[in-house]
file upload_8.json (JSON, C-alpha atoms)
[["chain", "number", "residue", "atom", "x", "y", "z"],
["A", 1, "MET", "CA", 7.06, -199.57, 76.18],
["A", 2, "THR", "CA", 6.08, -196.90, 78.67],
["A", 3, "GLU", "CA", 2.56, -195.56, 78.67],
["A", 4, "GLN", "CA", 2.13, -191.95, 77.50],
["A", 5, "PRO", "CA", 0.85, -189.63, 80.21],
["A", 6, "VAL", "CA", -2.68, -188.47, 79.69],
["A", 7, "VAL", "CA", -2.49, -184.73, 79.13],
["A", 8, "ALA", "CA", -5.60, -184.02, 77.12],
["A", 9, "ASN", "CA", -9.21, -185.13, 76.83],
["A", 10, "LEU", "CA", -10.31, -185.37, 73.22],
["A", 11, "GLN", "CA", -13.95, -186.12, 73.97],
["A", 12, "TYR", "CA", -14.93, -182.47, 74.32],
["A", 13, "ALA", "CA", -12.37, -180.94, 71.95],
["A", 14, "GLY", "CA", -13.79, -178.17, 69.84],
["A", 15, "ASP", "CA", -11.79, -175.74, 67.70],
["A", 16, "TYR", "CA", -8.50, -177.04, 69.02],
["A", 17, "ARG", "CA", -8.81, -180.79, 68.51],
["A", 18, "ASP", "CA", -5.63, -180.94, 66.38],
["A", 19, "ARG", "CA", -3.62, -179.33, 69.18],
["A", 20, "LEU", "CA", -5.00, -181.78, 71.72],
["A", 21, "GLU", "CA", -4.26, -184.75, 69.47],
["A", 22, "LYS", "CA", -0.69, -183.56, 69.00],
["A", 23, "ALA", "CA", -0.29, -183.11, 72.76],
["A", 24, "GLN", "CA", -1.72, -186.52, 73.47],
["A", 25, "LYS", "CA", 0.58, -188.20, 70.94],
["A", 26, "SER", "CA", 3.70, -186.47, 72.20],
["A", 27, "GLY", "CA", 2.76, -186.64, 75.88],
["A", 28, "GLN", "CA", 3.67, -182.96, 76.16],
["A", 29, "CYS", "CA", 1.10, -180.88, 78.04],
["A", 30, "ILE", "CA", 0.17, -177.74, 76.08],
["A", 31, "PHE", "CA", 0.15, -175.56, 79.21],
["A", 32, "CYS", "CA", 3.62, -176.73, 80.28],
["A", 33, "THR", "CA", 5.41, -175.61, 77.12],
["A", 34, "PRO", "CA", 7.64, -172.50, 77.38],
["A", 35, "GLU", "CA", 5.92, -171.05, 74.27],
["A", 36, "PHE", "CA", 2.58, -171.17, 76.04],
["A", 37, "GLN", "CA", 3.84, -169.80, 79.34],
["A", 38, "THR", "CA", 5.91, -166.95, 77.92],
["A", 39, "ASP", "CA", 4.19, -165.82, 74.70],
["A", 40, "THR", "CA", 4.23, -162.06, 75.31],
["A", 41, "SER", "CA", 1.45, -161.44, 72.80],
["A", 42, "LYS", "CA", -0.92, -163.41, 75.05],
["A", 43, "LEU", "CA", 0.58, -163.18, 78.55],
["A", 44, "ILE", "CA", -1.09, -160.65, 80.86],
["A", 45, "ALA", "CA", 0.73, -161.29, 84.12],
["A", 46, "SER", "CA", 2.80, -163.82, 85.96],
["A", 47, "TYR", "CA", 2.69, -164.09, 89.74],
["A", 48, "ARG", "CA", 4.73, -166.64, 91.70],
["A", 49, "ALA", "CA", 3.39, -170.13, 90.81],
["A", 50, "TRP", "CA", 0.62, -169.05, 88.39],
["A", 51, "PHE", "CA", 0.19, -166.88, 85.31],
["A", 52, "ALA", "CA", -2.70, -165.20, 83.46],
["A", 53, "ARG", "CA", -2.97, -165.42, 79.70],
["A", 54, "LYS", "CA", -5.51, -164.74, 76.97],
["A", 55, "ASN", "CA", -7.30, -167.92, 75.91],
["A", 56, "ASP", "CA", -6.47, -168.92, 72.32],
["A", 57, "PHE", "CA", -9.93, -170.45, 71.99],
["A", 58, "PRO", "CA", -12.47, -168.34, 73.91],
["A", 59, "THR", "CA", -15.91, -169.78, 74.62],
["A", 60, "LYS", "CA", -18.48, -168.12, 72.37],
["A", 61, "ASP", "CA", -21.42, -166.31, 73.96],
["A", 62, "ALA", "CA", -25.17, -166.75, 73.44],
["A", 63, "ASP", "CA", -24.99, -164.72, 70.21],
["A", 64, "GLY", "CA", -22.13, -166.83, 68.82],
["A", 65, "GLU", "CA", -19.58, -164.06, 69.36],
["A", 66, "TYR", "CA", -16.46, -164.07, 71.51],
["A", 67, "PRO", "CA", -16.84, -162.53, 74.97],
["A", 68, "GLU", "CA", -15.15, -159.28, 75.97],
["A", 69, "HIS", "CA", -12.42, -161.28, 77.69],
["A", 70, "HIS", "CA", -11.66, -164.94, 78.24],
["A", 71, "ILE", "CA", -8.53, -165.24, 80.32],
["A", 72, "LEU", "CA", -6.89, -168.43, 81.59],
["A", 73, "ILE", "CA", -5.21, -168.45, 84.99],
["A", 74, "VAL", "CA", -2.83, -171.38, 84.85],
["A", 75, "SER", "CA", -0.52, -173.16, 87.26],
["A", 76, "LYS", "CA", 3.13, -173.05, 86.14],
["A", 77, "ARG", "CA", 3.62, -176.57, 87.49],
["A", 78, "HIS", "CA", 1.92, -179.52, 85.87],
["A", 79, "GLU", "CA", -0.77, -180.30, 88.43],
["A", 80, "ARG", "CA", -4.02, -182.00, 87.74],
["A", 81, "TRP", "CA", -6.12, -182.47, 90.82],
["A", 82, "PHE", "CA", -8.22, -179.94, 92.70],
["A", 83, "ASP", "CA", -6.76, -180.87, 96.07],
["A", 84, "GLU", "CA", -3.34, -179.86, 94.77],
["A", 85, "ILE", "CA", -4.46, -176.20, 94.96],
["A", 86, "LEU", "CA", -3.02, -175.18, 98.30],
["A", 87, "GLU", "CA", -3.47, -171.98, 100.31],
["A", 88, "PRO", "CA", -0.54, -170.15, 98.65],
["A", 89, "ASP", "CA", -2.00, -171.05, 95.26],
["A", 90, "TRP", "CA", -5.35, -169.44, 96.15],
["A", 91, "PHE", "CA", -3.42, -166.34, 97.17],
["A", 92, "ASP", "CA", -1.62, -166.27, 93.79],
["A", 93, "ILE", "CA", -4.84, -166.85, 91.85],
["A", 94, "MET", "CA", -6.58, -163.98, 93.63],
["A", 95, "ALA", "CA", -3.58, -161.71, 93.11],
["A", 96, "LEU", "CA", -3.74, -162.49, 89.39],
["A", 97, "CYS", "CA", -7.49, -161.82, 89.32],
["A", 98, "ARG", "CA", -6.82, -158.39, 90.82],
["A", 99, "ILE", "CA", -4.04, -157.67, 88.31],
["A", 100, "VAL", "CA", -6.20, -158.78, 85.39],
["A", 101, "ARG", "CA", -9.17, -156.71, 86.61],
["A", 102, "ASN", "CA", -7.00, -153.60, 86.94],
["A", 103, "THR", "CA", -5.12, -154.15, 83.67],
["A", 104, "LEU", "CA", -8.24, -154.75, 81.60],
["A", 105, "ASP", "CA", -10.57, -152.47, 83.60],
["A", 106, "ILE", "CA", -13.09, -155.24, 84.30],
["A", 107, "SER", "CA", -16.34, -154.41, 86.09],
["A", 108, "GLY", "CA", -17.55, -157.95, 86.59],
["A", 109, "GLY", "CA", -17.59, -161.48, 85.27],
["A", 110, "GLY", "CA", -17.13, -165.05, 86.32],
["A", 111, "LEU", "CA", -14.32, -167.25, 87.56],
["A", 112, "ALA", "CA", -14.63, -170.98, 86.97],
["A", 113, "ILE", "CA", -12.64, -174.21, 86.97],
["A", 114, "ARG", "CA", -13.41, -177.73, 85.84],
["A", 115, "PHE", "CA", -11.75, -180.24, 88.10],
["A", 116, "ASP", "CA", -10.63, -183.86, 88.42],
["A", 117, "GLU", "CA", -11.97, -186.60, 86.12],
["A", 118, "PRO", "CA", -12.48, -185.11, 82.64],
["A", 119, "LEU", "CA", -15.33, -187.49, 81.86],
["A", 120, "TRP", "CA", -17.28, -185.76, 84.64],
["A", 121, "SER", "CA", -15.97, -182.22, 84.36],
["A", 122, "GLY", "CA", -15.61, -181.76, 80.60],
["A", 123, "GLN", "CA", -12.07, -180.47, 81.05],
["A", 124, "THR", "CA", -9.97, -180.78, 77.88],
["A", 125, "ILE", "CA", -6.44, -179.92, 79.06],
["A", 126, "LEU", "CA", -5.58, -181.89, 82.15],
["A", 127, "HIS", "CA", -3.58, -179.20, 83.89],
["A", 128, "LEU", "CA", -5.09, -176.98, 86.61],
["A", 129, "HIS", "CA", -6.47, -173.76, 85.15],
["A", 130, "PHE", "CA", -9.20, -171.25, 85.91],
["A", 131, "HIS", "CA", -11.29, -169.36, 83.35],
["A", 132, "LEU", "CA", -11.95, -165.67, 83.97],
["A", 133, "ILE", "CA", -14.74, -164.66, 81.61],
["A", 134, "VAL", "CA", -16.11, -161.17, 81.02],
["A", 135, "PRO", "CA", -19.26, -160.96, 78.90],
["A", 136, "ARG", "CA", -19.80, -158.43, 76.11],
["A", 137, "ILE", "CA", -21.99, -155.40, 76.75],
["A", 138, "VAL", "CA", -24.31, -154.55, 73.84],
["A", 139, "PRO", "CA", -27.24, -152.19, 73.22],
["A", 140, "ASP", "CA", -30.47, -153.57, 74.63],
["A", 141, "PRO", "CA", -33.08, -153.55, 71.82],
["A", 142, "GLN", "CA", -35.89, -153.72, 74.37],
["A", 143, "ASN", "CA", -34.62, -150.64, 76.21],
["A", 144, "PRO", "CA", -33.33, -148.10, 73.68],
["A", 145, "GLY", "CA", -30.30, -146.17, 74.91],
["A", 146, "LYS", "CA", -29.53, -148.82, 77.50],
["A", 147, "SER", "CA", -27.29, -151.86, 77.37],
["A", 148, "LYS", "CA", -27.14, -155.45, 78.55],
["A", 149, "SER", "CA", -24.59, -158.22, 78.89],
["A", 150, "VAL", "CA", -24.58, -161.22, 76.55],
["A", 151, "PRO", "CA", -24.30, -164.39, 78.61],
["A", 152, "VAL", "CA", -21.50, -166.90, 78.17],
["A", 153, "TYR", "CA", -22.56, -170.42, 79.08],
["A", 154, "PHE", "CA", -19.58, -172.12, 80.67],
["A", 155, "PRO", "CA", -20.11, -175.89, 80.30],
["A", 156, "ILE", "CA", -19.47, -178.25, 83.20],
["A", 157, "GLY", "CA", -19.62, -181.89, 82.21],
["B", 1, "MET", "CA", -24.20, -143.12, 73.10],
["B", 2, "MET", "CA", -24.87, -146.50, 74.68],
["B", 3, "GLN", "CA", -25.16, -146.40, 78.44],
["B", 4, "LYS", "CA", -23.27, -148.95, 80.46],
["B", 5, "PRO", "CA", -25.43, -151.35, 82.51],
["B", 6, "LYS", "CA", -26.73, -149.59, 85.56],
["B", 7, "THR", "CA", -24.72, -150.27, 88.68],
["B", 8, "THR", "CA", -26.66, -150.36, 91.90],
["B", 9, "LYS", "CA", -26.10, -151.14, 95.52],
["B", 10, "LYS", "CA", -29.14, -153.42, 95.64],
["B", 11, "LEU", "CA", -28.53, -156.64, 97.52],
["B", 12, "VAL", "CA", -30.31, -158.80, 94.95],
["B", 13, "ASN", "CA", -30.60, -158.63, 91.17],
["B", 14, "ILE", "CA", -34.11, -159.58, 90.13],
["B", 15, "ALA", "CA", -33.30, -159.51, 86.42],
["B", 16, "GLY", "CA", -30.98, -162.50, 86.91],
["B", 17, "ALA", "CA", -33.96, -164.74, 87.75],
["B", 18, "LYS", "CA", -36.37, -163.63, 85.05],
["B", 19, "ASP", "CA", -36.50, -167.13, 83.54],
["B", 20, "ARG", "CA", -37.20, -168.84, 86.88],
["B", 21, "PRO", "CA", -40.67, -167.76, 88.09],
["B", 22, "GLN", "CA", -40.55, -169.29, 91.56],
["B", 23, "TYR", "CA", -37.08, -167.92, 92.32],
["B", 24, "LEU", "CA", -38.11, -164.57, 90.87],
["B", 25, "SER", "CA", -41.00, -164.37, 93.29],
["B", 26, "THR", "CA", -38.69, -165.15, 96.23],
["B", 27, "LEU", "CA", -36.16, -162.57, 95.06],
["B", 28, "LYS", "CA", -38.86, -159.90, 94.85],
["B", 29, "GLU", "CA", -39.84, -160.66, 98.42],
["B", 30, "ILE", "CA", -36.18, -160.45, 99.48],
["B", 31, "ALA", "CA", -35.78, -157.15, 97.63],
["B", 32, "ARG", "CA", -38.79, -155.73, 99.49],
["B", 33, "SER", "CA", -37.31, -156.81, 102.83],
["B", 34, "GLY", "CA", -34.09, -154.86, 102.16],
["B", 35, "VAL", "CA", -31.84, -157.48, 103.79],
["B", 36, "CYS", "CA", -29.17, -159.77, 102.38],
["B", 37, "PRO", "CA", -30.47, -163.33, 101.96],
["B", 38, "LEU", "CA", -27.03, -164.87, 102.45],
["B", 39, "CYS", "CA", -25.89, -163.06, 105.60],
["B", 40, "THR", "CA", -26.08, -165.37, 108.61],
["B", 41, "LYS", "CA", -28.60, -163.32, 110.58],
["B", 42, "THR", "CA", -31.00, -162.86, 107.68],
["B", 43, "MET", "CA", -30.62, -166.15, 105.85],
["B", 44, "ARG", "CA", -34.27, -167.06, 106.43],
["B", 45, "TRP", "CA", -35.18, -167.82, 102.81],
["B", 46, "HIS", "CA", -32.59, -170.56, 102.61],
["B", 47, "THR", "CA", -34.20, -173.67, 104.05],
["B", 48, "LYS", "CA", -31.71, -176.33, 102.98],
["B", 49, "PRO", "CA", -29.56, -177.79, 105.78],
["B", 50, "ILE", "CA", -26.10, -176.42, 106.51],
["B", 51, "LEU", "CA", -23.83, -179.38, 105.78],
["B", 52, "LYS", "CA", -20.68, -178.06, 107.41],
["B", 53, "ARG", "CA", -19.21, -174.85, 108.80],
["B", 54, "TYR", "CA", -15.54, -173.98, 108.80],
["B", 55, "ARG", "CA", -13.81, -170.76, 109.86],
["B", 56, "GLY", "CA", -16.51, -168.29, 108.89],
["B", 57, "TRP", "CA", -17.84, -170.18, 105.87],
["B", 58, "LEU", "CA", -20.52, -172.79, 105.33],
["B", 59, "ILE", "CA", -21.52, -175.26, 102.68],
["B", 60, "THR", "CA", -25.13, -176.03, 101.84],
["B", 61, "GLU", "CA", -27.22, -177.31, 98.95],
["B", 62, "ASN", "CA", -28.47, -174.74, 96.46],
["B", 63, "MET", "CA", -32.22, -174.06, 96.70],
["B", 64, "ASN", "CA", -32.30, -173.68, 92.91],
["B", 65, "THR", "CA", -30.28, -176.60, 91.63],
["B", 66, "TYR", "CA", -29.35, -176.21, 87.97],
["B", 67, "ARG", "CA", -30.75, -178.61, 85.38],
["B", 68, "ASN", "CA", -28.63, -181.77, 84.93],
["B", 69, "ALA", "CA", -26.84, -181.33, 88.28],
["B", 70, "ARG", "CA", -26.39, -184.34, 90.53],
["B", 71, "HIS", "CA", -25.00, -182.09, 93.25],
["B", 72, "HIS", "CA", -25.15, -178.32, 93.46],
["B", 73, "PHE", "CA", -23.62, -176.86, 96.60],
["B", 74, "LEU", "CA", -23.13, -173.24, 97.61],
["B", 75, "LEU", "CA", -20.27, -171.98, 99.73],
["B", 76, "ILE", "CA", -21.21, -168.86, 101.61],
["B", 77, "GLY", "CA", -19.23, -166.64, 103.94],
["B", 78, "ASP", "CA", -20.77, -165.45, 107.21],
["B", 79, "LYS", "CA", -19.55, -161.89, 106.60],
["B", 80, "HIS", "CA", -21.11, -159.77, 103.89],
["B", 81, "LYS", "CA", -18.47, -159.41, 101.16],
["B", 82, "GLU", "CA", -19.16, -158.42, 97.58],
["B", 83, "THR", "CA", -15.82, -158.23, 95.80],
["B", 84, "LEU", "CA", -12.98, -160.67, 95.26],
["B", 85, "ARG", "CA", -10.53, -158.20, 96.73],
["B", 86, "GLU", "CA", -12.33, -158.42, 100.09],
["B", 87, "LEU", "CA", -11.53, -162.12, 100.39],
["B", 88, "THR", "CA", -8.54, -162.83, 102.59],
["B", 89, "SER", "CA", -6.18, -165.78, 102.44],
["B", 90, "GLY", "CA", -8.12, -167.08, 105.46],
["B", 91, "ASP", "CA", -11.30, -167.02, 103.40],
["B", 92, "TRP", "CA", -9.64, -168.96, 100.57],
["B", 93, "SER", "CA", -8.25, -171.45, 103.03],
["B", 94, "ALA", "CA", -11.76, -172.04, 104.41],
["B", 95, "ILE", "CA", -13.31, -172.24, 100.94],
["B", 96, "SER", "CA", -10.67, -174.71, 99.79],
["B", 97, "HIS", "CA", -11.19, -176.82, 102.93],
["B", 98, "LEU", "CA", -14.95, -177.00, 102.34],
["B", 99, "PHE", "CA", -14.58, -177.83, 98.64],
["B", 100, "ASN", "CA", -12.24, -180.67, 99.45],
["B", 101, "TRP", "CA", -14.48, -181.85, 102.29],
["B", 102, "ALA", "CA", -17.46, -182.08, 99.93],
["B", 103, "ILE", "CA", -15.46, -183.80, 97.19],
["B", 104, "LYS", "CA", -14.45, -186.51, 99.67],
["B", 105, "LYS", "CA", -17.75, -186.74, 101.55],
["B", 106, "TYR", "CA", -19.88, -187.14, 98.41],
["B", 107, "SER", "CA", -17.28, -189.18, 96.47],
["B", 108, "ILE", "CA", -17.25, -186.55, 93.74],
["B", 109, "LYS", "CA", -15.23, -187.67, 90.73],
["B", 110, "GLY", "CA", -15.27, -184.39, 88.88],
["B", 111, "GLY", "CA", -17.22, -181.25, 88.19],
["B", 112, "GLY", "CA", -16.90, -177.51, 88.27],
["B", 113, "VAL", "CA", -16.42, -174.66, 90.69],
["B", 114, "ALA", "CA", -17.61, -171.22, 89.68],
["B", 115, "MET", "CA", -18.34, -167.80, 91.08],
["B", 116, "ARG", "CA", -19.60, -164.54, 89.65],
["B", 117, "PHE", "CA", -17.99, -161.33, 90.81],
["B", 118, "GLY", "CA", -18.48, -157.61, 90.38],
["B", 119, "GLU", "CA", -21.53, -155.79, 89.12],
["B", 120, "PRO", "CA", -24.54, -158.16, 88.89],
["B", 121, "ALA", "CA", -25.66, -156.24, 85.79],
["B", 122, "TYR", "CA", -22.57, -157.64, 84.06],
["B", 123, "THR", "CA", -22.51, -161.09, 85.60],
["B", 124, "GLY", "CA", -26.10, -162.23, 85.94],
["B", 125, "ALA", "CA", -25.61, -162.96, 89.65],
["B", 126, "THR", "CA", -28.85, -162.79, 91.58],
["B", 127, "VAL", "CA", -27.33, -162.14, 95.02],
["B", 128, "ARG", "CA", -24.51, -159.67, 95.62],
["B", 129, "HIS", "CA", -23.11, -161.47, 98.68],
["B", 130, "LEU", "CA", -20.14, -163.42, 97.26],
["B", 131, "HIS", "CA", -20.73, -167.15, 97.02],
["B", 132, "ALA", "CA", -19.15, -170.03, 95.16],
["B", 133, "HIS", "CA", -20.90, -172.89, 93.36],
["B", 134, "LEU", "CA", -19.68, -176.48, 93.43],
["B", 135, "ILE", "CA", -21.52, -178.29, 90.66],
["B", 136, "VAL", "CA", -21.39, -181.97, 89.74],
["B", 137, "PRO", "CA", -23.21, -183.15, 86.63],
["B", 138, "GLU", "CA", -25.60, -186.06, 86.41],
["B", 139, "PHE", "CA", -23.87, -189.02, 84.79],
["B", 140, "LYS", "CA", -25.85, -191.40, 82.57],
["B", 141, "LYS", "CA", -24.88, -193.98, 79.96],
["B", 142, "GLY", "CA", -21.18, -193.29, 80.36],
["B", 143, "ARG", "CA", -21.47, -189.53, 79.85],
["B", 144, "ALA", "CA", -21.90, -186.48, 82.00],
["B", 145, "ARG", "CA", -24.95, -184.38, 81.21],
["B", 146, "PRO", "CA", -23.57, -180.87, 80.74],
["B", 147, "ILE", "CA", -24.57, -177.94, 82.90],
["B", 148, "ASN", "CA", -24.25, -174.44, 81.52],
["B", 149, "PHE", "CA", -23.11, -171.95, 84.11],
["B", 150, "ALA", "CA", -24.24, -168.55, 82.84],
["B", 151, "ILE", "CA", -21.88, -165.59, 83.12],
["B", 152, "GLY", "CA", -23.63, -162.42, 82.02]]
call {"tool": "encode", "arguments": {"input": "upload_8.json", "output": "structure tokens"}}
result
Amino acid sequence: MTEQPVVANLQYAGDYRDRLEKAQKSGQCIFCTPEFQTDTSKLIASYRAWFARKNDFPTKDADGEYPEHHILIVSKRHERWFDEILEPDWFDIMALCRIVRNTLDISGGGLAIRFDEPLWSGQTILHLHFHLIVPRIVPDPQNPGKSKSVPVYFPIG
Amino acid sequence: MMQKPKTTKKLVNIAGAKDRPQYLSTLKEIARSGVCPLCTKTMRWHTKPILKRYRGWLITENMNTYRNARHHFLLIGDKHKETLRELTSGDWSAISHLFNWAIKKYSIKGGGVAMRFGEPAYTGATVRHLHAHLIVPEFKKGRARPINFAIG
């Protein structure tokens, strides 16, 4: 009997545990499926070896709401390790960041990746992907008429 | 009508350090000086050693290591750049080289890489000069102790 490839880390699974369990059982990486890579209702842009897509399960912000945007920038190839991101990949990732910023009119946010061993990083889907997160802007109760961003705490580990 | 967060050209964002009194005091001093604390010629507030330089970038330890971090490195470019679009493929090549150098040098098994970009009022960044964080959690009793990287 051949061992199933490890494609998901169930330890940190939140809202999408059932999807991770199914992926782990089948050995089919969620990010590698054609449905995931080409779903036009979620896809924002595709550029050479990477694509940008809305996250199905955005990280909630400090107020328990979803952020303004939570985009995944995902490698089209199934790659797992940080040192597999080569110079052309960085170029593609940055090109996608620019496209996403222009498409969604983003003024600022954060770009983050969890890498390598999931026990250390907290990564749940073991396929290289970046998170581009844009916080919500809300009225600031302490400064009437002004606004503030609501932080999103991106967990590492 | 709600105003959008104020955008400024200030080199540091004091509001981003309001929960860290010591860092706040340093940032106020930097703001008064009117210089960028991460540009090579004016990097005088950063007293941690430079661990390695490579093609216009350096890696060093963060002065304000986040709670639960075993390692917290900053990657900083020599040139003052503030937006992602200013980074060239040469910059990314250097950044990637330094990340991979640190991962090998410190036998890092896993962690996170993160950077804030754009208006600090939206991102919570304290310094406008683009920089990337390489963060490795503390690991105890078979589990990593999570670090929350704030965006916003």
call {"tool": "closest_residue", "arguments": {"input": "upload_8.json", "among": "A:Lys54, A:Val6, A:Val74, A:Gln11", "to": "chain B", "atoms": "all atoms listed in the file"}}
result
A:Gln11
call {"tool": "atom_distance", "arguments": {"input": "upload_8.json", "atom1": "atom CA of Leu126 of chain A", "atom2": "atom CA of Arg77 of chain A"}}
result
11.9 Å
call {"tool": "closest_atom_pairs", "arguments": {"input": "upload_8.json", "of": "chain B", "to": "chain A", "cutoff": "8 Å", "atoms": "only C-alpha atoms", "output": "JSON lines"}}
result
{"residue": "B:Met1", "atom": "CA", "partner": "A:Gly145", "partner_atom": "CA", "distance": 7.1}
{"residue": "B:Met2", "atom": "CA", "partner": "A:Gly145", "partner_atom": "CA", "distance": 5.4}
{"residue": "B:Gln3", "atom": "CA", "partner": "A:Lys146", "partner_atom": "CA", "distance": 5.1}
{"residue": "B:Lys4", "atom": "CA", "partner": "A:Ser147", "partner_atom": "CA", "distance": 5.8}
{"residue": "B:Pro5", "atom": "CA", "partner": "A:Ser147", "partner_atom": "CA", "distance": 5.5}
{"residue": "B:Leu84", "atom": "CA", "partner": "A:Met94", "partner_atom": "CA", "distance": 7.4}
{"residue": "B:Arg85", "atom": "CA", "partner": "A:Arg98", "partner_atom": "CA", "distance": 7.0}
{"residue": "B:Ser89", "atom": "CA", "partner": "A:Phe91", "partner_atom": "CA", "distance": 6.0}
{"residue": "B:Trp92", "atom": "CA", "partner": "A:Trp90", "partner_atom": "CA", "distance": 6.2}
{"residue": "B:Ser93", "atom": "CA", "partner": "A:Glu87", "partner_atom": "CA", "distance": 5.5}
{"residue": "B:Ser96", "atom": "CA", "partner": "A:Glu87", "partner_atom": "CA", "distance": 7.7}
{"residue": "B:Asn100", "atom": "CA", "partner": "A:Asp83", "partner_atom": "CA", "distance": 6.4}
{"residue": "B:Lys109", "atom": "CA", "partner": "A:Glu117", "partner_atom": "CA", "distance": 5.7}
{"residue": "B:Gly110", "atom": "CA", "partner": "A:Asp116", "partner_atom": "CA", "distance": 4.7}
{"residue": "B:Gly111", "atom": "CA", "partner": "A:Ser121", "partner_atom": "CA", "distance": 4.1}
{"residue": "B:Gly112", "atom": "CA", "partner": "A:Arg114", "partner_atom": "CA", "distance": 4.3}
{"residue": "B:Val113", "atom": "CA", "partner": "A:Ile113", "partner_atom": "CA", "distance": 5.3}
{"residue": "B:Ala114", "atom": "CA", "partner": "A:Ala112", "partner_atom": "CA", "distance": 4.0}
{"residue": "B:Met115", "atom": "CA", "partner": "A:Leu111", "partner_atom": "CA", "distance": 5.4}
{"residue": "B:Arg116", "atom": "CA", "partner": "A:Gly110", "partner_atom": "CA", "distance": 4.2}
{"residue": "B:Phe117", "atom": "CA", "partner": "A:Gly108", "partner_atom": "CA", "distance": 5.4}
{"residue": "B:Gly118", "atom": "CA", "partner": "A:Gly108", "partner_atom": "CA", "distance": 3.9}
{"residue": "B:Glu119", "atom": "CA", "partner": "A:Gly108", "partner_atom": "CA", "distance": 5.2}
{"residue": "B:Pro120", "atom": "CA", "partner": "A:Gly108", "partner_atom": "CA", "distance": 7.4}
{"residue": "B:Ala121", "atom": "CA", "partner": "A:Ser149", "partner_atom": "CA", "distance": 7.3}
{"residue": "B:Tyr122", "atom": "CA", "partner": "A:Ser149", "partner_atom": "CA", "distance": 5.6}
{"residue": "B:Thr123", "atom": "CA", "partner": "A:Gly109", "partner_atom": "CA", "distance": 4.9}
{"residue": "B:Gly124", "atom": "CA", "partner": "A:Pro151", "partner_atom": "CA", "distance": 7.9}
{"residue": "B:Ile135", "atom": "CA", "partner": "A:Ile156", "partner_atom": "CA", "distance": 7.7}
{"residue": "B:Val136", "atom": "CA", "partner": "A:Trp120", "partner_atom": "CA", "distance": 7.6}
{"residue": "B:Pro137", "atom": "CA", "partner": "A:Gly157", "partner_atom": "CA", "distance": 5.8}
{"residue": "B:Phe139", "atom": "CA", "partner": "A:Trp120", "partner_atom": "CA", "distance": 7.4}
{"residue": "B:Arg143", "atom": "CA", "partner": "A:Leu119", "partner_atom": "CA", "distance": 6.8}
{"residue": "B:Ala144", "atom": "CA", "partner": "A:Gly157", "partner_atom": "CA", "distance": 5.1}
{"residue": "B:Arg145", "atom": "CA", "partner": "A:Gly157", "partner_atom": "CA", "distance": 6.0}
{"residue": "B:Pro146", "atom": "CA", "partner": "A:Gly157", "partner_atom": "CA", "distance": 4.3}
{"residue": "B:Ile147", "atom": "CA", "partner": "A:Ile156", "partner_atom": "CA", "distance": 5.1}
{"residue": "B:Asn148", "atom": "CA", "partner": "A:Pro155", "partner_atom": "CA", "distance": 4.6}
{"residue": "B:Phe149", "atom": "CA", "partner": "A:Phe154", "partner_atom": "CA", "distance": 4.9}
{"residue": "B:Ala150", "atom": "CA", "partner": "A:Tyr153", "partner_atom": "CA", "distance": 4.5}
{"residue": "B:Ile151", "atom": "CA", "partner": "A:Val152", "partner_atom": "CA", "distance": 5.1}
{"residue": "B:Gly152", "atom": "CA", "partner": "A:Pro151", "partner_atom": "CA", "distance": 4.0}
call {"tool": "write_last_selection", "arguments": {"input": "upload_8.json", "atoms": "C-alpha atoms", "output": "mmCIF file, in the frame of the given file"}}
result
data_model
loop_
_atom_site.group_PDB
_atom_site.id
_atom_site.type_symbol
_atom_site.label_atom_id
_atom_site.label_comp_id
_atom_site.auth_asym_id
_atom_site.auth_seq_id
_atom_site.Cartn_x
_atom_site.Cartn_y
_atom_site.Cartn_z
ATOM 1 C CA MET B 1 -24.200 -143.120 73.100
ATOM 2 C CA MET B 2 -24.870 -146.500 74.680
ATOM 3 C CA GLN B 3 -25.160 -146.400 78.440
ATOM 4 C CA LYS B 4 -23.270 -148.950 80.460
ATOM 5 C CA PRO B 5 -25.430 -151.350 82.510
ATOM 6 C CA LEU B 84 -12.980 -160.670 95.260
ATOM 7 C CA ARG B 85 -10.530 -158.200 96.730
ATOM 8 C CA SER B 89 -6.180 -165.780 102.440
ATOM 9 C CA TRP B 92 -9.640 -168.960 100.570
ATOM 10 C CA SER B 93 -8.250 -171.450 103.030
ATOM 11 C CA SER B 96 -10.670 -174.710 99.790
ATOM 12 C CA ASN B 100 -12.240 -180.670 99.450
ATOM 13 C CA LYS B 109 -15.230 -187.670 90.730
ATOM 14 C CA GLY B 110 -15.270 -184.390 88.880
ATOM 15 C CA GLY B 111 -17.220 -181.250 88.190
ATOM 16 C CA GLY B 112 -16.900 -177.510 88.270
ATOM 17 C CA VAL B 113 -16.420 -174.660 90.690
ATOM 18 C CA ALA B 114 -17.610 -171.220 89.680
ATOM 19 C CA MET B 115 -18.340 -167.800 91.080
ATOM 20 C CA ARG B 116 -19.600 -164.540 89.650
ATOM 21 C CA PHE B 117 -17.990 -161.330 90.810
ATOM 22 C CA GLY B 118 -18.480 -157.610 90.380
ATOM 23 C CA GLU B 119 -21.530 -155.790 89.120
ATOM 24 C CA PRO B 120 -24.540 -158.160 88.890
ATOM 25 C CA ALA B 121 -25.660 -156.240 85.790
ATOM 26 C CA TYR B 122 -22.570 -157.640 84.060
ATOM 27 C CA THR B 123 -22.510 -161.090 85.600
ATOM 28 C CA GLY B 124 -26.100 -162.230 85.940
ATOM 29 C CA ILE B 135 -21.520 -178.290 90.660
ATOM 30 C CA VAL B 136 -21.390 -181.970 89.740
ATOM 31 C CA PRO B 137 -23.210 -183.150 86.630
ATOM 32 C CA PHE B 139 -23.870 -189.020 84.790
ATOM 33 C CA ARG B 143 -21.470 -189.530 79.850
ATOM 34 C CA ALA B 144 -21.900 -186.480 82.000
ATOM 35 C CA ARG B 145 -24.950 -184.380 81.210
ATOM 36 C CA PRO B 146 -23.570 -180.870 80.740
ATOM 37 C CA ILE B 147 -24.570 -177.940 82.900
ATOM 38 C CA ASN B 148 -24.250 -174.440 81.520
ATOM 39 C CA PHE B 149 -23.110 -171.950 84.110
ATOM 40 C CA ALA B 150 -24.240 -168.550 82.840
ATOM 41 C CA ILE B 151 -21.880 -165.590 83.120
ATOM 42 C CA GLY B 152 -23.630 -162.420 82.020
#
